[in-house]
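Asker: Have a look at the structure that comes next, please.
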Amino acid sequence: MSMSAFEKMQLREAAQGTTTRNEMIYNAKYIVDSLLPNDPSYKEDVEVFGKGRISLRMNKYRVLAGTTPVMNIQASLTEPVTFTLGDVFMYDGGYWICVESNNRHDVERTGMVEECNYLLRWQNPHTLVVHERWCSVRDPYSLAIDERARHVVTGNAKYSIKLPHDDETELFHVDRRFLIDMANHEPIPYSIIKYDAITNKYAARNEGFTVLTLRESQIEIDDNWELMIANYRDPSMAPSTPNVVEGSCTIKFNNVPVVRAGGTPKPFYAVLLDGNGNSIDFTSPVNWELILPPELQNQIVISYKEGNEIRLQASRQAPICSVFLLRMSGSHTTYGNFKAELEINIGGIL
């Protein structure tokens, strides 16, 4: 829908900012926020699993047989929920995984989602809990109309799978098996020959998805055909183990993490926290480790170490502004193993 001359005049008058650039950004945001809901492809309250609901433009194309259905998506940055790589949407009676995401000049967010065609199921090898994720399963040898969707591999791989990257999928490894297809009323197993959690994973922004490349494997005796889970273990038959509730840990200190050259010893404390952030008493001593660069060798002294406390002292000759690492590790009967590290600077005495 085009803007009238009067609306354009109002837009110019309402522009905010002290520079032309700021005015252009304001106008661009205004256009997105005001005109986007009028687009026929604008959909309200689309569910983003694990995050909430978002209203956005979803323009579907390429639905021919043998091709991958995808959609271009566009949303205002004023939405209470945003989308990132690896997010799964529920829309049009199906599930869609985000494979492209772009913050366009702090004006809007655009991207592309690919339709998921399979619910992958597996069992955590440690907890024996069954997990499932909607994912995109495609033949890597098939050609697509859009060159961006072409996936080229070597060897005899059969499927390429895109699924969200999370704490469960990061446990996958080469040779991990799945039951995916069916033939003559029997499941067809596939094993991972390539596990890629780096190419499309951006840890700094905590977003991304995992790509698995699989080839056909062999049926094994512990495959569960009814549940479609490879190498299934019955939780009722597993040996009983204590319930481990994961916690977190950190290294505390007074003021700033700086040890003064020639100054008094500075104390550091290991603190174990439960899921609510409450401090927990230690049941075993903490292990401390100093990672020193060459210029600080023999310049840092541990003056005291007992329980969860350590005190460090720097010699007068320690070079100012040098940096070293303090690492801690240990275990707790309820909260399992834990570790943390802290970057410490060398400061002047004054």
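Just so we're on the same page: first chain in the structure tokens is A, next is B, and so on; residues restart at 1 for each chain, and ligands are numbered from 1 in the order they show up.
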Within 9 Å of region 32-37 of chain A, counting only C-alpha atoms, which residues show up once you throw out same-chain ones fewer than 3 positions away? Write them as a list in words, please.
Answerer: Met1, Ser2, Asn27, Ala28, Lys29, Pro40, Ser41, Tyr42, Lys43, Glu44, Ser55, Leu56, Arg57, Gln74, Ala75, Ser76, Leu77, Thr78, Val107 and Glu108 of chain A
Asker: Please produce a file of the residues just selected, as a compact mmCIF listing (two decimals), in the first residue's frame, where the atoms kept are C-alpha atoms.
Answerer:
```txt
# COMPACT_ATOMS: atom_id res chain seq x y z
CA MET A 1 0.00 0.00 0.00
CA SER A 2 1.56 3.28 -1.11
CA ASN A 27 11.24 6.99 9.11
CA ALA A 28 12.22 3.46 8.11
CA LYS A 29 11.03 2.07 11.47
CA PRO A 40 -1.65 -9.78 3.00
CA SER A 41 1.14 -12.10 4.16
CA TYR A 42 1.21 -10.57 7.66
CA LYS A 43 0.31 -13.17 10.30
CA GLU A 44 -0.48 -12.45 13.94
CA SER A 55 3.46 -11.16 14.52
CA LEU A 56 5.37 -11.10 11.24
CA ARG A 57 5.18 -11.24 7.47
CA GLN A 74 9.97 -10.04 8.17
CA ALA A 75 9.21 -8.58 11.61
CA SER A 76 9.34 -5.26 13.40
CA LEU A 77 11.98 -4.85 16.09
CA THR A 78 9.24 -3.56 18.38
CA VAL A 107 15.13 -1.12 11.53
CA GLU A 108 13.63 -4.59 11.10
```
Asker: Which residues, written as a list of chain:residue names, have at least one atom at most 8 Å from Pro285 (chain A), with only C-alpha atoms counted and residues fewer than 3 positions away on the same chain left out?
Answerer: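 Contacts, with the query itself left out: A:Phe282, A:Glu306, A:Gly307, A:Asn308, A:Gly330.
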Asker: Residues of the last selection are to be written out with C-alpha atoms, as a compact mmCIF listing (two decimals), in the first residue's frame.
Answerer:
```txt
# COMPACT_ATOMS: atom_id res chain seq x y z
CA PHE A 282 30.63 -27.43 49.60
CA GLU A 306 41.68 -23.78 52.29
CA GLY A 307 38.13 -24.94 51.53
CA ASN A 308 36.58 -22.61 48.98
CA GLY A 330 35.20 -29.56 42.07
```
Asker: If we count only C-alpha atoms and set the cut-off at 9 Å, which residues sit around Tyr190 (chain A), ignoring sequence neighbours fewer than 4 positions away in its own chain? Please answer as a VMD selection string.
Answerer: chain A and resid 158 to 159 175 to 181 214 to 218
Asker: Under the rule that only C-alpha atoms are counted, which of A:Ile251, A:Leu128, A:Leu212, A:Met237 is the nearest residue to Met328 (chain A)?
Answerer: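 Closest residue, counting only C-alpha atoms: A:Ile251.
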Asker: In Å to one decimal, how far is CA of Met90 (chain A) from CA of Ile192 (chain A)?
Answerer: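 Interatomic distance here is 27.2 Å.
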Asker: Provide the CA of Gln297 (chain A) to CA of Phe324 (chain A) distance in Å, to one decimal place.
Answerer: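 Calculated distance between CA of Gln297 (chain A) and CA of Phe324 (chain A) is 10.1 Å.
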Asker: I need the residues in region 22-208 of chain A that are helix (DSSP H, G or I) according to DSSP; give them as a VMD selection string.
Answerer: chain A and resid 22 to 38 147 to 149 169 to 171 203 to 205
Asker: Please indicate the distance in Å from CA of Gly208 (chain A) to CA of Asp39 (chain A), rounded to one decimal place.
Answerer: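 Answer for the CA of Gly208 (chain A) to CA of Asp39 (chain A) separation: 28.6 Å.
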Asker: Skipping near chain neighbours, those fewer than 2 positions away, what residues fall within 9 Å of Glu341 (chain A) using only C-alpha atoms, listed as a PyMOL selection string?
Answerer: chain A and resi 250-251+325-329+339+343
Asker: Leaving out Asp92 (chain A) and any residue of its chain fewer than 5 positions from it, which residues lie within 12 Å of it when counting only C-alpha atoms, given as number ranges by chain?
Answerer: A: 41, 43, 46-47, 58-60, 69, 71, 115-116
Asker: Please dump the current selection as an mmCIF file, in the first residue's frame; keep C-alpha atoms.
Answerer:
```cif
data_model
loop_
_atom_site.group_PDB
_atom_site.id
_atom_site.type_symbol
_atom_site.label_atom_id
_atom_site.label_comp_id
_atom_site.auth_asym_id
_atom_site.auth_seq_id
_atom_site.Cartn_x
_atom_site.Cartn_y
_atom_site.Cartn_z
ATOM 1 C CA SER A 41 1.141 -12.100 4.162
ATOM 2 C CA LYS A 43 0.314 -13.172 10.303
ATOM 3 C CA VAL A 46 2.733 -17.023 15.314
ATOM 4 C CA GLU A 47 4.210 -19.336 17.938
ATOM 5 C CA MET A 58 5.481 -14.817 6.161
ATOM 6 C CA ASN A 59 5.698 -15.100 2.383
ATOM 7 C CA LYS A 60 5.716 -18.771 1.341
ATOM 8 C CA PRO A 69 9.244 -25.276 0.917
ATOM 9 C CA MET A 71 9.308 -18.669 3.459
ATOM 10 C CA GLU A 115 9.583 -26.345 6.438
ATOM 11 C CA CYS A 116 10.231 -29.261 8.772
#
```
